[in-house]
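Below: run_20.cif (mmCIF, C-alpha atoms (C1' of nucleotides))
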```
data_target
loop_
_atom_site.group_PDB
_atom_site.id
_atom_site.type_symbol
_atom_site.label_atom_id
_atom_site.label_comp_id
_atom_site.auth_asym_id
_atom_site.auth_seq_id
_atom_site.Cartn_x
_atom_site.Cartn_y
_atom_site.Cartn_z
ATOM 1 C CA MET T 1 0.000 0.000 0.000
ATOM 2 C CA SER T 2 1.570 3.265 -1.045
ATOM 3 C CA THR T 3 1.035 6.447 0.895
ATOM 4 C CA HIS T 4 1.091 8.662 -2.153
ATOM 5 C CA LYS T 5 -0.815 11.830 -1.671
ATOM 6 C CA HIS T 6 -1.635 12.073 -5.357
ATOM 7 C CA PRO T 7 -2.048 8.700 -6.976
ATOM 8 C CA LYS T 8 -2.119 9.397 -10.693
ATOM 9 C CA PRO T 9 -5.376 8.167 -12.179
ATOM 10 C CA THR T 10 -5.160 6.049 -15.290
ATOM 11 C CA ASP T 11 -7.040 7.127 -18.400
ATOM 12 C CA SER T 12 -10.066 5.039 -17.537
ATOM 13 C CA GLU T 13 -10.076 6.254 -13.993
ATOM 14 C CA LEU T 14 -9.942 9.818 -15.173
ATOM 15 C CA GLU T 15 -13.022 9.269 -17.306
ATOM 16 C CA ILE T 16 -14.881 8.134 -14.243
ATOM 17 C CA LEU T 17 -13.639 11.057 -12.194
ATOM 18 C CA GLN T 18 -14.916 13.427 -14.875
ATOM 19 C CA ILE T 19 -18.388 12.056 -14.424
ATOM 20 C CA LEU T 20 -18.227 12.244 -10.645
ATOM 21 C CA TRP T 21 -17.028 15.831 -10.796
ATOM 22 C CA GLU T 22 -19.682 16.797 -13.254
ATOM 23 C CA HIS T 23 -22.629 15.107 -11.584
ATOM 24 C CA GLY T 24 -21.557 14.779 -7.983
ATOM 25 C CA PRO T 25 -21.796 11.622 -5.883
ATOM 26 C CA SER T 26 -23.249 8.837 -8.012
ATOM 27 C CA PRO T 27 -23.954 5.138 -8.000
ATOM 28 C CA VAL T 28 -22.089 2.754 -10.285
ATOM 29 C CA ARG T 29 -25.045 2.245 -12.593
ATOM 30 C CA PHE T 30 -25.249 5.925 -13.401
ATOM 31 C CA VAL T 31 -21.529 6.291 -14.007
ATOM 32 C CA ASN T 32 -21.570 3.300 -16.293
ATOM 33 C CA GLU T 33 -24.429 4.752 -18.318
ATOM 34 C CA GLN T 34 -22.714 8.107 -18.658
ATOM 35 C CA LEU T 35 -19.536 6.394 -19.709
ATOM 36 C CA ASN T 36 -21.243 4.489 -22.479
ATOM 37 C CA GLN T 37 -23.281 7.456 -23.524
ATOM 38 C CA ARG T 38 -20.218 9.425 -24.523
ATOM 39 C CA LYS T 39 -18.807 6.654 -26.636
ATOM 40 C CA GLU T 40 -19.053 6.451 -30.386
ATOM 41 C CA ALA T 41 -21.593 3.949 -31.607
ATOM 42 C CA SER T 42 -18.745 2.007 -33.142
ATOM 43 C CA GLU T 43 -16.778 1.370 -29.976
ATOM 44 C CA PRO T 44 -17.825 -1.369 -27.587
ATOM 45 C CA LYS T 45 -19.795 -0.496 -24.481
ATOM 46 C CA THR T 46 -18.196 -0.965 -21.108
ATOM 47 C CA GLY T 47 -19.810 -3.704 -19.036
ATOM 48 C CA TYR T 48 -21.400 -2.846 -15.737
ATOM 49 C CA THR T 49 -19.079 -4.986 -13.658
ATOM 50 C CA THR T 50 -16.084 -3.464 -15.398
ATOM 51 C CA THR T 51 -17.083 -0.046 -14.177
ATOM 52 C CA LEU T 52 -17.872 -1.427 -10.761
ATOM 53 C CA LYS T 53 -14.476 -3.051 -10.458
ATOM 54 C CA LEU T 54 -12.720 0.093 -11.584
ATOM 55 C CA MET T 55 -14.526 2.170 -9.007
ATOM 56 C CA GLN T 56 -13.686 -0.327 -6.303
ATOM 57 C CA ILE T 57 -10.035 -0.132 -7.283
ATOM 58 C CA MET T 58 -10.181 3.644 -7.278
ATOM 59 C CA THR T 59 -11.558 3.560 -3.766
ATOM 60 C CA GLY T 60 -8.669 1.305 -2.775
ATOM 61 C CA LYS T 61 -6.236 3.825 -4.249
ATOM 62 C CA GLY T 62 -7.829 6.732 -2.474
ATOM 63 C CA LEU T 63 -9.185 8.380 -5.595
ATOM 64 C CA THR T 64 -12.807 7.950 -4.556
ATOM 65 C CA GLN T 65 -14.744 7.194 -1.424
ATOM 66 C CA ARG T 66 -18.148 5.654 -1.072
ATOM 67 C CA ASN T 67 -21.172 5.702 1.105
ATOM 68 C CA THR T 68 -22.284 2.147 1.740
ATOM 69 C CA GLU T 69 -25.268 2.880 3.905
ATOM 70 C CA SER T 70 -27.782 1.930 1.315
ATOM 71 C CA ARG T 71 -27.441 -1.217 -0.729
ATOM 72 C CA THR T 72 -26.515 0.872 -3.731
ATOM 73 C CA HIS T 73 -23.166 2.410 -2.916
ATOM 74 C CA ILE T 74 -22.701 6.067 -3.725
ATOM 75 C CA TYR T 75 -19.250 7.066 -4.938
ATOM 76 C CA GLU T 76 -17.628 10.451 -4.980
ATOM 77 C CA ALA T 77 -14.247 11.856 -5.971
ATOM 78 C CA ILE T 78 -11.940 12.695 -3.097
ATOM 79 C CA ALA T 79 -9.748 15.304 -4.786
ATOM 80 C CA SER T 80 -11.412 18.254 -6.461
ATOM 81 C CA GLU T 81 -11.339 18.630 -10.213
ATOM 82 C CA THR T 82 -9.139 21.719 -10.050
ATOM 83 C CA GLU T 83 -6.702 20.096 -7.690
ATOM 84 C CA THR T 84 -6.366 17.081 -9.939
ATOM 85 C CA GLN T 85 -6.068 19.177 -13.080
ATOM 86 C CA GLN T 86 -3.276 21.118 -11.465
ATOM 87 C CA HIS T 87 -1.412 17.999 -10.653
ATOM 88 C CA LEU T 88 -1.874 16.313 -14.014
ATOM 89 C CA LEU T 89 -1.025 19.509 -15.834
ATOM 90 C CA GLN T 90 2.320 19.638 -14.082
ATOM 91 C CA GLN T 91 3.131 16.093 -15.100
ATOM 92 C CA PHE T 92 1.944 16.601 -18.618
ATOM 93 C CA VAL T 93 4.021 19.720 -19.095
ATOM 94 C CA ASP T 94 7.073 17.928 -17.773
ATOM 95 C CA ALA T 95 6.606 14.905 -19.994
ATOM 96 C CA THR T 96 5.502 16.613 -23.167
ATOM 97 C CA PHE T 97 6.881 20.148 -23.085
ATOM 98 C CA ARG T 98 10.041 19.440 -21.125
ATOM 99 C CA GLY T 99 8.707 21.427 -18.240
ATOM 100 C CA SER T 100 7.904 24.613 -20.139
ATOM 101 C CA ALA T 101 4.344 25.632 -19.347
ATOM 102 C CA MET T 102 4.911 28.667 -21.497
ATOM 103 C CA LYS T 103 5.594 26.657 -24.589
ATOM 104 C CA MET T 104 2.419 24.780 -23.945
ATOM 105 C CA VAL T 105 0.338 27.877 -23.458
ATOM 106 C CA MET T 106 1.747 29.434 -26.593
ATOM 107 C CA GLN T 107 0.860 26.363 -28.564
ATOM 108 C CA ALA T 108 -2.603 26.154 -27.120
ATOM 109 C CA LEU T 109 -3.269 29.771 -27.989
ATOM 110 C CA GLY T 110 -1.444 29.932 -31.265
ATOM 111 C CA ASN T 111 -2.840 26.896 -32.835
ATOM 112 C CA ASN T 112 -6.530 26.609 -32.417
ATOM 113 C CA SER T 113 -9.171 29.198 -32.873
ATOM 114 C CA THR T 114 -9.433 31.144 -29.679
ATOM 115 C CA SER T 115 -12.367 33.531 -29.620
ATOM 116 C CA GLN T 116 -12.088 37.227 -28.824
ATOM 117 C CA GLU T 117 -13.977 36.683 -25.576
ATOM 118 C CA GLU T 118 -11.461 34.126 -24.502
ATOM 119 C CA LEU T 119 -8.548 36.325 -25.436
ATOM 120 C CA ASP T 120 -10.109 39.079 -23.363
ATOM 121 C CA GLU T 121 -10.373 36.711 -20.457
ATOM 122 C CA ILE T 122 -6.717 35.928 -20.679
ATOM 123 C CA LYS T 123 -5.770 39.554 -20.968
ATOM 124 C CA ALA T 124 -7.779 40.272 -17.864
ATOM 125 C CA LEU T 125 -6.028 37.482 -16.031
ATOM 126 C CA ILE T 126 -2.633 38.746 -17.109
ATOM 127 C CA SER T 127 -3.460 42.223 -15.897
ATOM 128 C CA LYS T 128 -4.467 40.784 -12.586
ATOM 129 C CA ILE T 129 -1.243 38.850 -12.287
ATOM 130 C CA GLU T 130 0.820 41.875 -13.244
ATOM 131 C CA GLY T 131 -1.014 43.978 -10.723
ATOM 132 C CA LYS T 132 -0.210 41.677 -7.887
ATOM 133 C CA ASP T 133 3.371 42.810 -7.407
ATOM 134 C CA GLU T 134 2.567 46.478 -7.363
ATOM 135 C CA ALA T 135 1.213 48.626 -4.553
ATOM 136 C CA MET B 1 0.135 -3.439 -38.573
ATOM 137 C CA SER B 2 -2.138 -0.593 -37.667
ATOM 138 C CA THR B 3 -2.619 2.321 -40.020
ATOM 139 C CA HIS B 4 -3.049 4.873 -37.293
ATOM 140 C CA LYS B 5 -1.774 8.233 -38.297
ATOM 141 C CA HIS B 6 -0.960 9.226 -34.732
ATOM 142 C CA PRO B 7 -0.124 6.301 -32.531
ATOM 143 C CA LYS B 8 -0.046 7.693 -29.013
ATOM 144 C CA PRO B 9 3.369 7.116 -27.468
ATOM 145 C CA THR B 10 3.496 5.602 -23.999
ATOM 146 C CA ASP B 11 5.312 7.434 -21.235
ATOM 147 C CA SER B 12 8.542 5.551 -21.821
ATOM 148 C CA GLU B 13 8.320 6.058 -25.526
ATOM 149 C CA LEU B 14 7.822 9.755 -25.027
ATOM 150 C CA GLU B 15 10.993 9.933 -22.974
ATOM 151 C CA ILE B 16 12.897 8.426 -25.841
ATOM 152 C CA LEU B 17 11.302 10.777 -28.334
ATOM 153 C CA GLN B 18 12.353 13.726 -26.202
ATOM 154 C CA ILE B 19 15.949 12.648 -26.535
ATOM 155 C CA LEU B 20 15.691 12.112 -30.264
ATOM 156 C CA TRP B 21 14.108 15.524 -30.734
ATOM 157 C CA GLU B 22 16.712 17.208 -28.612
ATOM 158 C CA HIS B 23 19.767 15.538 -30.087
ATOM 159 C CA GLY B 24 18.659 14.448 -33.505
ATOM 160 C CA PRO B 25 19.183 10.990 -35.006
ATOM 161 C CA SER B 26 20.962 8.814 -32.461
ATOM 162 C CA PRO B 27 22.081 5.259 -31.827
ATOM 163 C CA VAL B 28 20.550 3.175 -29.059
ATOM 164 C CA ARG B 29 23.615 3.416 -26.833
ATOM 165 C CA PHE B 30 23.415 7.176 -26.727
ATOM 166 C CA VAL B 31 19.705 7.257 -26.041
ATOM 167 C CA ASN B 32 20.133 4.764 -23.250
ATOM 168 C CA GLU B 33 22.852 6.855 -21.650
ATOM 169 C CA GLN B 34 20.795 10.028 -21.850
ATOM 170 C CA LEU B 35 17.846 8.206 -20.364
ATOM 171 C CA ASN B 36 19.835 7.049 -17.372
ATOM 172 C CA GLN B 37 21.544 10.339 -16.957
ATOM 173 C CA ARG B 38 18.305 12.129 -16.233
ATOM 174 C CA LYS B 39 17.269 9.674 -13.566
ATOM 175 C CA GLU B 40 17.623 10.201 -9.857
ATOM 176 C CA ALA B 41 20.449 8.241 -8.334
ATOM 177 C CA SER B 42 17.868 6.328 -6.351
ATOM 178 C CA GLU B 43 15.901 4.927 -9.266
ATOM 179 C CA PRO B 44 17.189 1.919 -11.149
ATOM 180 C CA LYS B 45 18.977 2.391 -14.456
ATOM 181 C CA THR B 46 17.370 1.141 -17.606
ATOM 182 C CA GLY B 47 19.207 -1.752 -19.200
ATOM 183 C CA TYR B 48 20.615 -1.355 -22.666
ATOM 184 C CA THR B 49 18.509 -4.073 -24.225
ATOM 185 C CA THR B 50 15.426 -2.582 -22.645
ATOM 186 C CA THR B 51 15.976 0.640 -24.498
ATOM 187 C CA LEU B 52 16.844 -1.260 -27.645
ATOM 188 C CA LYS B 53 13.660 -3.258 -27.500
ATOM 189 C CA LEU B 54 11.580 -0.170 -26.872
ATOM 190 C CA MET B 55 13.060 1.575 -29.871
ATOM 191 C CA GLN B 56 12.426 -1.451 -32.034
ATOM 192 C CA ILE B 57 8.821 -1.466 -30.934
ATOM 193 C CA MET B 58 8.546 2.235 -31.650
ATOM 194 C CA THR B 59 9.820 1.648 -35.143
ATOM 195 C CA GLY B 60 7.181 -1.034 -35.546
ATOM 196 C CA LYS B 61 4.530 1.437 -34.453
ATOM 197 C CA GLY B 62 5.738 4.118 -36.817
ATOM 198 C CA LEU B 63 6.992 6.452 -34.114
ATOM 199 C CA THR B 64 10.598 6.213 -35.230
ATOM 200 C CA GLN B 65 12.552 5.089 -38.249
ATOM 201 C CA ARG B 66 16.093 3.866 -38.450
ATOM 202 C CA ASN B 67 19.037 3.818 -40.743
ATOM 203 C CA THR B 68 20.526 0.325 -40.773
ATOM 204 C CA GLU B 69 23.369 0.919 -43.145
ATOM 205 C CA SER B 70 26.043 0.735 -40.525
ATOM 206 C CA ARG B 71 26.109 -1.965 -37.930
ATOM 207 C CA THR B 72 25.020 0.563 -35.326
ATOM 208 C CA HIS B 73 21.505 1.568 -36.287
ATOM 209 C CA ILE B 74 20.645 5.249 -36.143
ATOM 210 C CA TYR B 75 17.136 6.079 -34.985
ATOM 211 C CA GLU B 76 15.133 9.225 -35.490
ATOM 212 C CA ALA B 77 11.657 10.433 -34.623
ATOM 213 C CA ILE B 78 9.209 10.479 -37.499
ATOM 214 C CA ALA B 79 6.820 13.145 -36.243
ATOM 215 C CA SER B 80 8.223 16.507 -35.193
ATOM 216 C CA GLU B 81 8.166 17.562 -31.598
ATOM 217 C CA THR B 82 5.657 20.336 -32.252
ATOM 218 C CA GLU B 83 3.380 18.062 -34.207
ATOM 219 C CA THR B 84 3.379 15.506 -31.429
ATOM 220 C CA GLN B 85 2.895 18.104 -28.735
ATOM 221 C CA GLN B 86 -0.078 19.450 -30.608
ATOM 222 C CA HIS B 87 -1.630 16.050 -30.785
ATOM 223 C CA LEU B 88 -0.971 15.090 -27.194
ATOM 224 C CA LEU B 89 -2.147 18.462 -25.995
ATOM 225 C CA GLN B 90 -5.468 17.932 -27.709
ATOM 226 C CA GLN B 91 -5.923 14.575 -26.043
ATOM 227 C CA PHE B 92 -4.829 15.875 -22.693
ATOM 228 C CA VAL B 93 -7.222 18.794 -22.810
ATOM 229 C CA ASP B 94 -10.049 16.483 -23.731
ATOM 230 C CA ALA B 95 -9.280 14.015 -20.985
ATOM 231 C CA THR B 96 -8.403 16.410 -18.204
ATOM 232 C CA PHE B 97 -10.150 19.700 -18.974
ATOM 233 C CA ARG B 98 -13.193 18.319 -20.756
ATOM 234 C CA GLY B 99 -12.028 19.854 -23.963
ATOM 235 C CA SER B 100 -11.571 23.392 -22.705
ATOM 236 C CA ALA B 101 -8.121 24.601 -23.703
ATOM 237 C CA MET B 102 -9.027 27.911 -22.180
ATOM 238 C CA LYS B 103 -9.544 26.477 -18.757
ATOM 239 C CA MET B 104 -6.195 24.825 -19.038
ATOM 240 C CA VAL B 105 -4.408 27.981 -20.123
ATOM 241 C CA MET B 106 -6.019 29.939 -17.326
ATOM 242 C CA GLN B 107 -4.846 27.401 -14.802
ATOM 243 C CA ALA B 108 -1.364 27.248 -16.221
ATOM 244 C CA LEU B 109 -1.057 31.019 -16.050
ATOM 245 C CA GLY B 110 -2.917 31.596 -12.837
ATOM 246 C CA ASN B 111 -1.254 29.018 -10.748
ATOM 247 C CA ASN B 112 2.447 29.043 -11.106
ATOM 248 C CA SER B 113 4.803 31.925 -11.170
ATOM 249 C CA THR B 114 4.886 33.239 -14.694
ATOM 250 C CA SER B 115 7.564 35.845 -15.220
ATOM 251 C CA GLN B 116 6.949 39.289 -16.664
ATOM 252 C CA GLU B 117 8.896 38.350 -19.788
ATOM 253 C CA GLU B 118 6.656 35.407 -20.350
ATOM 254 C CA LEU B 119 3.532 37.446 -19.796
ATOM 255 C CA ASP B 120 4.833 39.904 -22.338
ATOM 256 C CA GLU B 121 5.361 37.097 -24.785
ATOM 257 C CA ILE B 122 1.797 35.996 -24.374
ATOM 258 C CA LYS B 123 0.486 39.521 -24.742
ATOM 259 C CA ALA B 124 2.446 39.862 -27.959
ATOM 260 C CA LEU B 125 1.001 36.609 -29.230
ATOM 261 C CA ILE B 126 -2.523 37.708 -28.374
ATOM 262 C CA SER B 127 -2.025 40.971 -30.207
ATOM 263 C CA LYS B 128 -0.832 39.056 -33.194
ATOM 264 C CA ILE B 129 -3.868 36.799 -33.121
ATOM 265 C CA GLU B 130 -6.222 39.739 -32.716
ATOM 266 C CA GLY B 131 -4.557 41.568 -35.525
ATOM 267 C CA LYS B 132 -5.175 38.802 -37.983
ATOM 268 C CA ASP B 133 -8.772 39.692 -38.745
ATOM 269 C CA GLU B 134 -8.191 43.346 -39.202
ATOM 270 C CA ALA B 135 -7.110 45.030 -42.366
ATOM 271 C "C1'" DT L 1 -42.700 -18.360 -1.744
ATOM 272 C "C1'" DT L 2 -41.052 -18.037 -6.087
ATOM 273 C "C1'" DG L 3 -38.920 -15.672 -9.792
ATOM 274 C "C1'" DA L 4 -37.198 -11.610 -12.093
ATOM 275 C "C1'" DC L 5 -34.103 -8.165 -11.365
ATOM 276 C "C1'" DC L 6 -30.919 -5.805 -9.061
ATOM 277 C "C1'" DT L 7 -26.699 -5.173 -6.040
ATOM 278 C "C1'" DT L 8 -21.571 -6.000 -4.525
ATOM 279 C "C1'" DA L 9 -17.420 -8.973 -4.398
ATOM 280 C "C1'" DC L 10 -13.826 -11.008 -6.490
ATOM 281 C "C1'" DG L 11 -10.845 -14.158 -9.225
ATOM 282 C "C1'" DA L 12 -8.839 -14.368 -13.262
ATOM 283 C "C1'" DA L 13 -8.430 -13.776 -18.284
ATOM 284 C "C1'" DA L 14 -6.980 -10.499 -21.757
ATOM 285 C "C1'" DA L 15 -4.451 -6.721 -23.218
ATOM 286 C "C1'" DC L 16 -0.841 -3.682 -22.939
ATOM 287 C "C1'" DT L 17 3.828 -2.011 -21.238
ATOM 288 C "C1'" DT L 18 8.366 -2.593 -19.486
ATOM 289 C "C1'" DT L 19 12.212 -5.338 -18.412
ATOM 290 C "C1'" DC L 20 15.841 -8.448 -19.251
ATOM 291 C "C1'" DG L 21 18.358 -12.902 -20.447
ATOM 292 C "C1'" DT L 22 20.383 -15.093 -24.061
ATOM 293 C "C1'" DA L 23 21.636 -16.204 -28.829
ATOM 294 C "C1'" DT L 24 24.106 -14.705 -32.675
ATOM 295 C "C1'" DA L 25 27.013 -11.911 -35.346
ATOM 296 C "C1'" DT L 26 30.512 -8.271 -36.301
ATOM 297 C "C1'" DA L 27 34.560 -5.570 -35.075
ATOM 298 C "C1'" DC L 28 38.700 -4.623 -32.624
ATOM 299 C "C1'" DT L 29 43.075 -5.799 -30.071
ATOM 300 C "C1'" DT L 30 46.938 -8.423 -28.932
ATOM 301 C "C1'" DA U 1 43.744 -16.946 -33.983
ATOM 302 C "C1'" DA U 2 41.737 -16.165 -29.743
ATOM 303 C "C1'" DG U 3 39.663 -13.223 -26.587
ATOM 304 C "C1'" DT U 4 37.122 -9.041 -25.483
ATOM 305 C "C1'" DA U 5 33.705 -5.716 -26.433
ATOM 306 C "C1'" DT U 6 29.682 -4.249 -28.737
ATOM 307 C "C1'" DA U 7 25.838 -4.656 -31.945
ATOM 308 C "C1'" DT U 8 20.892 -6.532 -33.099
ATOM 309 C "C1'" DA U 9 17.064 -9.857 -32.484
ATOM 310 C "C1'" DC U 10 13.752 -11.823 -29.942
ATOM 311 C "C1'" DG U 11 11.228 -14.734 -26.588
ATOM 312 C "C1'" DA U 12 9.405 -14.448 -22.456
ATOM 313 C "C1'" DA U 13 8.941 -12.917 -17.611
ATOM 314 C "C1'" DA U 14 7.126 -9.236 -14.785
ATOM 315 C "C1'" DG U 15 4.237 -5.424 -14.081
ATOM 316 C "C1'" DT U 16 0.092 -2.774 -14.928
ATOM 317 C "C1'" DT U 17 -4.562 -1.861 -16.633
ATOM 318 C "C1'" DT U 18 -8.937 -3.280 -18.346
ATOM 319 C "C1'" DT U 19 -12.424 -6.540 -18.981
ATOM 320 C "C1'" DC U 20 -15.747 -9.803 -17.672
ATOM 321 C "C1'" DG U 21 -17.872 -14.181 -15.743
ATOM 322 C "C1'" DT U 22 -19.820 -15.902 -11.860
ATOM 323 C "C1'" DA U 23 -21.080 -16.277 -7.049
ATOM 324 C "C1'" DA U 24 -23.785 -14.672 -3.291
ATOM 325 C "C1'" DG U 25 -27.189 -12.115 -1.568
ATOM 326 C "C1'" DG U 26 -31.095 -8.223 -1.187
ATOM 327 C "C1'" DT U 27 -35.587 -6.275 -2.983
ATOM 328 C "C1'" DC U 28 -39.919 -6.398 -4.865
ATOM 329 C "C1'" DA U 29 -44.147 -7.837 -6.915
ATOM 330 C "C1'" DA U 30 -47.496 -11.298 -8.080
#
```
Represent the structure from my file as structure tokens, please.
Amino acid sequence: MSTHKHPKPTDSELEILQILWEHGPSPVRFVNEQLNQRKEASEPKTGYTTTLKLMQIMTGKGLTQRNTESRTHIYEAIASETETQQHLLQQFVDATFRGSAMKMVMQALGNNSTSQEELDEIKALISKIEGKDEA
Amino acid sequence: MSTHKHPKPTDSELEILQILWEHGPSPVRFVNEQLNQRKEASEPKTGYTTTLKLMQIMTGKGLTQRNTESRTHIYEAIASETETQQHLLQQFVDATFRGSAMKMVMQALGNNSTSQEELDEIKALISKIEGKDEA
DNA sequence: TTGACCTTACGAAAACTTTCGTATATACTT
DNA sequence: AAGTATATACGAAAGTTTTCGTAAGGTCAA
């Protein structure tokens, strides 16, 4: 048993976490339905017990916790979405952009179509950051 | 043989690609040394044949190609670093930020300490993007 | 009560990734 | 020529993740 504070979720685990973050504490059945709903018609559906097993494993790892009072267990994510994003972002930047968050941001902005509203948002954020040091 | 245009590299494969991108076409021995060099003293070194095997697999997947003219094969990445980053970034944003590159950028900027120079760079890039539509 | 339908638990197969031992061959040195 | 060092190839063990079959039991309605 590892005492890692931030066990890195696998891809499948992350998919489940997304659903828990979006919909709040949920039973296995619901998560499984959501999971299959977002799949292409071509790809195979995930079996119910597969999802169940995964969520049990996640609870063992400390990624989720569950309320077992009623027969139908209710699962919820332990770490917040933002917290987890922060952590995964760090790892991703290290692995893919050799640690340069800037390079990543530049690529994200430069490449795809970012709307004017979004650019304004970023400008506002930058102003806020720049303002911090002053006064 | 799959005909995937963008086979997603595994974590280990990505480490090897980093080295190939940074140093250009290289033999296995060199890649293996670089790999071990960037490890903590505590973690175990990767054996030579392990790296060799990995690079052979990568060639099979279409991630690398090799020149076998001399006895010592020279490997190189097929996709460029930028191209691969673009692709992985897309997948990462989908998996971790539910597709919102904006949310990711905001977190990357808002959280860690971004220097004034970097902020200036971003501002310049935004201006450039905004300028595109105008006359 | 019986049967249909649901739940969790869990072992283990299947699939994928990483590691390494060993065979075989080529080159270099003395 | 013989011995040492280094190369590729490759099977298979070891490790991890994902999938599912099946067992065991609870709930509910007719």
| field | Over all C-alpha atoms paired in order - RMSD of chain B on chain T | value | 0.3 Å
| message | Report, in Å to a single decimal, how far apart atom CA of Ala79 of chain T and atom CA of Ser115 of chain B are. | response | 28.8 Å
Taking all atoms listed in the file into account, report as a CSV table (one decimal) with C-alpha atoms, keeping the file's coordinate frame which residues of chain B lie within 10 Å of chain T.
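Output (iface.csv):
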```csv
chain,number,residue,atom,x,y,z
B,11,ASP,CA,5.3,7.4,-21.2
B,12,SER,CA,8.5,5.6,-21.8
B,14,LEU,CA,7.8,9.8,-25.0
B,15,GLU,CA,11.0,9.9,-23.0
B,17,LEU,CA,11.3,10.8,-28.3
B,18,GLN,CA,12.4,13.7,-26.2
B,81,GLU,CA,8.2,17.6,-31.6
B,82,THR,CA,5.7,20.3,-32.3
B,84,THR,CA,3.4,15.5,-31.4
B,85,GLN,CA,2.9,18.1,-28.7
B,86,GLN,CA,-0.1,19.4,-30.6
B,88,LEU,CA,-1.0,15.1,-27.2
B,89,LEU,CA,-2.1,18.5,-26.0
B,90,GLN,CA,-5.5,17.9,-27.7
B,92,PHE,CA,-4.8,15.9,-22.7
B,93,VAL,CA,-7.2,18.8,-22.8
B,95,ALA,CA,-9.3,14.0,-21.0
B,96,THR,CA,-8.4,16.4,-18.2
B,97,PHE,CA,-10.2,19.7,-19.0
B,98,ARG,CA,-13.2,18.3,-20.8
B,101,ALA,CA,-8.1,24.6,-23.7
B,102,MET,CA,-9.0,27.9,-22.2
B,103,LYS,CA,-9.5,26.5,-18.8
B,104,MET,CA,-6.2,24.8,-19.0
B,105,VAL,CA,-4.4,28.0,-20.1
B,106,MET,CA,-6.0,29.9,-17.3
B,107,GLN,CA,-4.8,27.4,-14.8
B,108,ALA,CA,-1.4,27.2,-16.2
B,109,LEU,CA,-1.1,31.0,-16.0
B,110,GLY,CA,-2.9,31.6,-12.8
B,111,ASN,CA,-1.3,29.0,-10.7
B,112,ASN,CA,2.4,29.0,-11.1
B,113,SER,CA,4.8,31.9,-11.2
B,114,THR,CA,4.9,33.2,-14.7
B,115,SER,CA,7.6,35.8,-15.2
B,116,GLN,CA,6.9,39.3,-16.7
B,118,GLU,CA,6.7,35.4,-20.4
B,119,LEU,CA,3.5,37.4,-19.8
B,120,ASP,CA,4.8,39.9,-22.3
B,121,GLU,CA,5.4,37.1,-24.8
B,122,ILE,CA,1.8,36.0,-24.4
B,123,LYS,CA,0.5,39.5,-24.7
B,125,LEU,CA,1.0,36.6,-29.2
B,126,ILE,CA,-2.5,37.7,-28.4
B,127,SER,CA,-2.0,41.0,-30.2
B,128,LYS,CA,-0.8,39.1,-33.2
B,129,ILE,CA,-3.9,36.8,-33.1
B,130,GLU,CA,-6.2,39.7,-32.7
```
| query | So which residues touch segment 7-24 of chain L within 7 Å, counting only C-alpha atoms (C1' of nucleotides), skipping near sequence neighbours fewer than 4 positions away, as a PyMOL selection string? | reply | (chain T and resi 71-72) or (chain B and resi 50)
Just-selected residues, C-alpha atoms written as an mmCIF file, in the coordinates of the input:
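What follows is the written file part.cif:
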```cif
data_model
loop_
_atom_site.group_PDB
_atom_site.id
_atom_site.type_symbol
_atom_site.label_atom_id
_atom_site.label_comp_id
_atom_site.auth_asym_id
_atom_site.auth_seq_id
_atom_site.Cartn_x
_atom_site.Cartn_y
_atom_site.Cartn_z
ATOM 1 C CA ARG T 71 -27.441 -1.217 -0.729
ATOM 2 C CA THR T 72 -26.515 0.872 -3.731
ATOM 3 C CA THR B 50 15.426 -2.582 -22.645
#
```
| said: Using all atoms listed in the file and a cut-off of 10 Å, which residues of chain U sit close to chain B? Please list them as a PyMOL selection string. | reply: chain U and resi 6-10
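The spacing separating atom CA of Glu69 of chain T from atom C1' of DT22 of chain U amounts to 25.1 Å.
You will find atom CA of Gly24 of chain T at 6.6 Å from atom CA of Glu76 of chain T.
Residues selected in this file by the PyMOL selection byres ((chain L and resi 6) around 10) comprise Thr72 of chain T; DA4, DC5 and DT7 of chain L; DG26, DT27 and DC28 of chain U.
Using only C-alpha atoms (C1' of nucleotides), the residues found no farther than 9 Å from His6 of chain B, other than those of its own chain fewer than 3 positions away, are Thr3, Pro9, Gly62, Leu63, Ala79, Thr84 and His87 of chain B.
The closest residue to chain L, picked from T:Val31, T:Ala124, T:Met55, T:Ala77 and counting all atoms listed in the file, is T:Met55.
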| query | Any chance you could work out the residue set of the PyMOL selection byres ((chain L and resi 27) around 9) here, as number ranges by chain? | reply | L: 26, 28; U: 5-6
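The shortest atom-to-atom distance to chain L, with all atoms listed in the file taken into account, belongs to B:Thr10 out of B:Thr10, B:Ser26, B:Ser100, B:Gln91.
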| said: Using only C-alpha atoms (C1' of nucleotides), can you tell me which of B:Trp21, B:Ile74, B:Glu13, B:Leu35 comes closest to chain L? | reply: B:Glu13
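Taken over the shown file, the PyMOL selection byres ((chain L and resi 30) around 10) identifies DC28 and DT29 of chain L; DA2 and DG3 of chain U.
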